[in-house]
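Asks: Next up is a structure, given as structure tokens.
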There are 2 protein chains.
Amino acid sequence: MNLILLFKEDFIYEQRVQLKGRRHKHVLEILRPSVGQRLCVGVINGRVGFGTVTALTDKFLEMDVVLESQPPAALPVTLVLALPRPIVLKRVLQTLSSMGVKRIILLHCRRVEKSFWKSPSLSDEAIEEALVLGLEQARDTSLPKVLLRKQFKPFVEDELPGFINGTLALVAHPETKTPCPRDVKKSVTLVIGPEGGFIPYEIEKLRALGFTPVHLGQRILRVETAVTVLLSRLF
Amino acid sequence: MNLILLFKEDFIYEQRVQLKGRRHKHVLEILRPSVGQRLCVGVINGRVGFGTVTALTDKFLEMDVVLESQPPAALPVTLVLALPRPIVLKRVLQTLSSMGVKRIILLHCRRVEKSFWKSPSLSDEAIEEALVLGLEQARDTSLPKVLLRKQFKPFVEDELPGFINGTLALVAHPETKTPCPRDVKKSVTLVIGPEGGFIPYEIEKLRALGFTPVHLGQRILRVETAVTVLLSRLF
């Protein structure tokens, strides 16, 4: 936790916050500041700054906060990701959030197991928790939006054209000769398939919309690593 | 497991292997091939190819293997990493192995907790296990070498000059104005500090040897993500 993310309900007066629960525990057990010390804070979807500790007890933490600067810039990308298995999802969301992705669409396709959609890790609370951990890691405050789309065809036909308008549209696909471009300096819509890849029908649907299939080299990487590699090359 | 990694002791005749334990279990429970089906295999530090299943029982898997091609190219990098906390180490090693890093030095420095060096995840077996998982993920066979260096100063003064000779020497450091270069097309020695960064003395020692401090942007990333971002930019 490199930044303590604050929410509206944390403010007890204009500048003063009182924290209990996870953030209080982290400060109490890991950061262990004395009264008067400053901690890095930020307000959800707002500015970042510092909080001066006014009280730290077994029960709560209180700080007076000053919010003086903007959070780091977002990545200009819409990321469409075939829903990964639940055990992977949380870490992927945290990684994407820490890297500055602000629009994430989790998509069904043929090689996504239907049971994945029933996982508790897709609840609003679980998704927000993973995103918040990523923001706290990266000292960001701007909460990514996550959309769940359980039907491939209607999403690709009806919604995706709106997203790709004016962007570079790329789909990660091992069976192509075009390497992922570097440092593109424009907005990107990036589609990443499931373990085992998209089926030919799905790739054709994306290609028909104007997506260019790009690869990352010969190695097969875990979703989490592949996503990080793609974003690092593009931006 | 996108490739089943084979060791000398798996071969029962010239072309035939018999597997028990983890790999057998994975094939039996996840891949579920029938007799005659081919699975991707590779021999540790050797070639890759396929194994045709000749027997699959509750007790063992047997395959006849044909080794026809080279593993993917390695990354031309020596990675010097401040020892991360044990819970992170395993995943970092697996990621590095999957990305093709072949020489990894785990280094002590001021902000590495001494207790980390006593972790069971630093045993030869635990390190090899993590590296093998990375190779199996990426369909590679060439086992990375991992060196443990528990003293910063003797390593930097006596050994590091030998490693950096003829390479681009970079140290990841947030407090610098130089961004990490992209697509460098030469060998790199890359040093990555601990959570909280190197202390000024350590940075100065590295700078004196010819290391250029480079940054990754404003965001603070987890070690695992930062390593992936750095490698993806450089190569």
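By order in the structure tokens, chains are A, B, ...; within a chain, residues start at 1; ligands start at 1, following the order shown.
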Give me, as a PyMOL selection string, the contact residues of chain A against chain B at a cut-off of 10 Å, counting only C-alpha atoms.
Replies: chain A and resi 1-3+71-73+95-96+98-100+134-140+182-183+196+216-222+224-235
Asks: If DSSP is run on the backbone, what residues of region 35-226 of chain B are helix (DSSP H, G or I)? A reply as a ChimeraX atom specification would be ideal.
Replies: /B:86-99,114-118,120-122,124-138,152-164,200-209,223-226
Asks: Let me make sure I understand: among B:Gly210, B:Glu159, B:Leu75, B:Gly193, which one has the smallest atom-to-atom distance to Val223 (chain B) if we use only C-alpha atoms?
Replies: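 Ranking B:Gly210, B:Glu159, B:Leu75, B:Gly193 by distance to Val223 (chain B), first place goes to B:Gly193.
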Asks: Excluding region 24-26 of chain B and any residue of its chain fewer than 3 positions from it, enumerate the residues within 10 Å of it, using only C-alpha atoms, and give them as a PDB file with C-alpha atoms, in the first residue's frame.
Replies:
```pdb
ATOM      1  CA  MET B   1       1.924 -26.717 -18.490  1.00  0.00           C
ATOM      2  CA  ILE B   4       6.205 -31.401 -20.391  1.00  0.00           C
ATOM      3  CA  GLN B  18       7.935 -42.919 -18.023  1.00  0.00           C
ATOM      4  CA  LEU B  19       6.550 -40.167 -15.789  1.00  0.00           C
ATOM      5  CA  LYS B  20       5.091 -40.294 -12.295  1.00  0.00           C
ATOM      6  CA  GLY B  21       4.288 -37.567  -9.788  1.00  0.00           C
ATOM      7  CA  GLU B  29      -6.281 -34.886 -14.763  1.00  0.00           C
ATOM      8  CA  ILE B  30      -6.001 -31.894 -17.081  1.00  0.00           C
ATOM      9  CA  LEU B  31      -4.785 -32.934 -20.522  1.00  0.00           C
ATOM     10  CA  ARG B  32      -6.501 -36.376 -20.525  1.00  0.00           C
ATOM     11  CA  LEU B  56      -1.533 -43.740 -19.424  1.00  0.00           C
ATOM     12  CA  THR B  57      -2.623 -45.452 -16.214  1.00  0.00           C
ATOM     13  CA  ASP B  58      -3.343 -44.373 -12.642  1.00  0.00           C
ATOM     14  CA  LYS B  59       0.283 -45.126 -11.878  1.00  0.00           C
ATOM     15  CA  PHE B  60       2.302 -43.636 -14.740  1.00  0.00           C
ATOM     16  CA  LEU B  61       2.447 -42.059 -18.185  1.00  0.00           C
ATOM     17  CA  GLU B  62       4.645 -43.457 -20.947  1.00  0.00           C
TER      18      GLU B  62
END
```
Asks: Tell me, in Å to one decimal, how far CA of Ser69 (chain A) is from CA of Pro213 (chain B).
Replies: 25.4 Å
Asks: Could you name the residues that touch Leu209 (chain B) at 9 Å or less, counting only C-alpha atoms, but leaving out those on the same chain fewer than 6 positions away, as a PDB file with N, CA, C and O atoms, in the first residue's frame?
Replies:
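As a result, part-v7.pdb now contains:
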```
ATOM      1  N   VAL B 156      29.321  -6.270  -5.816  1.00  0.00           N
ATOM      2  CA  VAL B 156      29.370  -5.134  -6.750  1.00  0.00           C
ATOM      3  C   VAL B 156      30.823  -4.828  -7.131  1.00  0.00           C
ATOM      4  O   VAL B 156      31.128  -4.539  -8.293  1.00  0.00           O
ATOM      5  N   GLU B 157      31.714  -4.933  -6.182  1.00  0.00           N
ATOM      6  CA  GLU B 157      33.113  -4.571  -6.476  1.00  0.00           C
ATOM      7  C   GLU B 157      33.856  -5.672  -7.242  1.00  0.00           C
ATOM      8  O   GLU B 157      34.620  -5.385  -8.148  1.00  0.00           O
ATOM      9  N   LEU B 160      30.478  -7.943 -10.250  1.00  0.00           N
ATOM     10  CA  LEU B 160      29.606  -7.245 -11.192  1.00  0.00           C
ATOM     11  C   LEU B 160      30.366  -6.667 -12.396  1.00  0.00           C
ATOM     12  O   LEU B 160      29.857  -6.736 -13.525  1.00  0.00           O
ATOM     13  N   PRO B 161      31.587  -6.131 -12.203  1.00  0.00           N
ATOM     14  CA  PRO B 161      32.303  -5.610 -13.376  1.00  0.00           C
ATOM     15  C   PRO B 161      32.472  -6.663 -14.479  1.00  0.00           C
ATOM     16  O   PRO B 161      32.376  -6.346 -15.665  1.00  0.00           O
ATOM     17  N   ILE B 164      29.082  -6.873 -16.433  1.00  0.00           N
ATOM     18  CA  ILE B 164      28.619  -5.738 -17.252  1.00  0.00           C
ATOM     19  C   ILE B 164      29.496  -5.492 -18.468  1.00  0.00           C
ATOM     20  O   ILE B 164      29.085  -4.792 -19.389  1.00  0.00           O
ATOM     21  N   ALA B 169      24.456  -1.270 -19.113  1.00  0.00           N
ATOM     22  CA  ALA B 169      24.257  -1.482 -17.680  1.00  0.00           C
ATOM     23  C   ALA B 169      23.217  -0.500 -17.151  1.00  0.00           C
ATOM     24  O   ALA B 169      23.440   0.716 -17.158  1.00  0.00           O
TER      25      ALA B 169
END
```
Asks: Take CA of Leu28 (chain B) and CA of Leu93 (chain B) and report the distance between them in Å, one decimal.
Replies: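 Computing it gives 26.6 Å between the two atoms.
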Asks: Considering only C-alpha atoms, return as a PDB file with all heavy atoms, in the first residue's frame whatever protein or nucleic-acid residues lie within 9 Å of Leu143 (chain B), sequence-local ones (same chain, fewer than 5 positions apart) excluded.
Replies:
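Generated output (selection08.pdb):
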```pdb
ATOM      1  N   ILE B  44      15.269 -31.101 -20.683  1.00  0.00           N
ATOM      2  CA  ILE B  44      15.935 -30.027 -19.947  1.00  0.00           C
ATOM      3  C   ILE B  44      17.272 -29.675 -20.611  1.00  0.00           C
ATOM      4  O   ILE B  44      18.077 -30.555 -20.935  1.00  0.00           O
ATOM      5  CB  ILE B  44      16.116 -30.416 -18.449  1.00  0.00           C
ATOM      6  CG1 ILE B  44      16.632 -29.246 -17.642  1.00  0.00           C
ATOM      7  CG2 ILE B  44      17.003 -31.638 -18.265  1.00  0.00           C
ATOM      8  CD1 ILE B  44      15.587 -28.264 -17.240  1.00  0.00           C
ATOM      9  N   ASN B  45      17.466 -28.408 -20.893  1.00  0.00           N
ATOM     10  CA  ASN B  45      18.649 -27.888 -21.578  1.00  0.00           C
ATOM     11  C   ASN B  45      18.870 -28.509 -22.953  1.00  0.00           C
ATOM     12  O   ASN B  45      20.004 -28.563 -23.439  1.00  0.00           O
ATOM     13  CB  ASN B  45      19.894 -28.048 -20.707  1.00  0.00           C
ATOM     14  CG  ASN B  45      19.802 -27.208 -19.443  1.00  0.00           C
ATOM     15  OD1 ASN B  45      19.326 -26.075 -19.478  1.00  0.00           O
ATOM     16  ND2 ASN B  45      20.224 -27.766 -18.323  1.00  0.00           N
ATOM     17  N   SER B  97      11.717 -16.937 -15.658  1.00  0.00           N
ATOM     18  CA  SER B  97      12.006 -18.153 -16.416  1.00  0.00           C
ATOM     19  C   SER B  97      11.119 -18.217 -17.663  1.00  0.00           C
ATOM     20  O   SER B  97      11.594 -18.537 -18.760  1.00  0.00           O
ATOM     21  CB  SER B  97      11.779 -19.356 -15.501  1.00  0.00           C
ATOM     22  OG  SER B  97      11.947 -20.554 -16.187  1.00  0.00           O
ATOM     23  N   LYS B 102      18.085 -15.988 -18.461  1.00  0.00           N
ATOM     24  CA  LYS B 102      18.876 -17.189 -18.171  1.00  0.00           C
ATOM     25  C   LYS B 102      19.907 -16.997 -17.069  1.00  0.00           C
ATOM     26  O   LYS B 102      20.513 -17.975 -16.625  1.00  0.00           O
ATOM     27  CB  LYS B 102      19.590 -17.674 -19.444  1.00  0.00           C
ATOM     28  CG  LYS B 102      18.637 -18.078 -20.561  1.00  0.00           C
ATOM     29  CD  LYS B 102      17.642 -19.148 -20.117  1.00  0.00           C
ATOM     30  CE  LYS B 102      16.640 -19.456 -21.239  1.00  0.00           C
ATOM     31  NZ  LYS B 102      15.494 -20.226 -20.731  1.00  0.00           N
ATOM     32  N   GLU B 128      14.568 -24.385  -8.278  1.00  0.00           N
ATOM     33  CA  GLU B 128      14.432 -25.148  -9.529  1.00  0.00           C
ATOM     34  C   GLU B 128      12.965 -25.393  -9.864  1.00  0.00           C
ATOM     35  O   GLU B 128      12.572 -25.301 -11.032  1.00  0.00           O
ATOM     36  CB  GLU B 128      15.192 -26.476  -9.459  1.00  0.00           C
ATOM     37  CG  GLU B 128      15.048 -27.232 -10.772  1.00  0.00           C
ATOM     38  CD  GLU B 128      15.987 -28.423 -10.909  1.00  0.00           C
ATOM     39  OE1 GLU B 128      17.173 -28.294 -10.531  1.00  0.00           O
ATOM     40  OE2 GLU B 128      15.533 -29.470 -11.418  1.00  0.00           O
ATOM     41  N   LEU B 131      11.561 -22.303 -11.469  1.00  0.00           N
ATOM     42  CA  LEU B 131      12.124 -22.112 -12.808  1.00  0.00           C
ATOM     43  C   LEU B 131      11.518 -23.102 -13.805  1.00  0.00           C
ATOM     44  O   LEU B 131      11.216 -22.746 -14.949  1.00  0.00           O
ATOM     45  CB  LEU B 131      13.645 -22.275 -12.770  1.00  0.00           C
ATOM     46  CG  LEU B 131      14.404 -21.276 -11.885  1.00  0.00           C
ATOM     47  CD1 LEU B 131      15.879 -21.664 -11.809  1.00  0.00           C
ATOM     48  CD2 LEU B 131      14.248 -19.849 -12.399  1.00  0.00           C
ATOM     49  N   VAL B 132      11.340 -24.343 -13.364  1.00  0.00           N
ATOM     50  CA  VAL B 132      10.774 -25.372 -14.239  1.00  0.00           C
ATOM     51  C   VAL B 132       9.334 -25.020 -14.615  1.00  0.00           C
ATOM     52  O   VAL B 132       8.936 -25.155 -15.776  1.00  0.00           O
ATOM     53  CB  VAL B 132      10.866 -26.765 -13.562  1.00  0.00           C
ATOM     54  CG1 VAL B 132       9.930 -27.770 -14.232  1.00  0.00           C
ATOM     55  CG2 VAL B 132      12.306 -27.275 -13.606  1.00  0.00           C
ATOM     56  N   LEU B 135       9.520 -22.560 -17.376  1.00  0.00           N
ATOM     57  CA  LEU B 135       9.905 -23.179 -18.650  1.00  0.00           C
ATOM     58  C   LEU B 135       8.718 -23.922 -19.269  1.00  0.00           C
ATOM     59  O   LEU B 135       8.462 -23.819 -20.471  1.00  0.00           O
ATOM     60  CB  LEU B 135      11.068 -24.162 -18.448  1.00  0.00           C
ATOM     61  CG  LEU B 135      12.409 -23.576 -17.991  1.00  0.00           C
ATOM     62  CD1 LEU B 135      13.434 -24.700 -17.818  1.00  0.00           C
ATOM     63  CD2 LEU B 135      12.930 -22.532 -18.973  1.00  0.00           C
TER      64      LEU B 135
END
```
Asks: Which one is closest to Ala74 (chain A): A:Gln151, A:Ser187, A:Gln15, A:Thr167? Count only C-alpha atoms.
Replies: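 The answer is A:Ser187, which sits nearest to Ala74 (chain A).
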Asks: From a DSSP pass on the backbone, collect the residues of region 120-182 of chain A flagged as strand (DSSP E) and hand them back as a list in words.
Replies: Lys145, Val146, Leu147, Leu148, Arg149, Leu168, Ala169, Leu170, Val171 and Ala172 of chain A
Asks: I'd like the interatomic distance between CA of Asp10 (chain B) and CA of Leu133 (chain B), to a tenth of an Å.
Replies: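 Value for the CA of Asp10 (chain B)-CA of Leu133 (chain B) distance: 17.2 Å.
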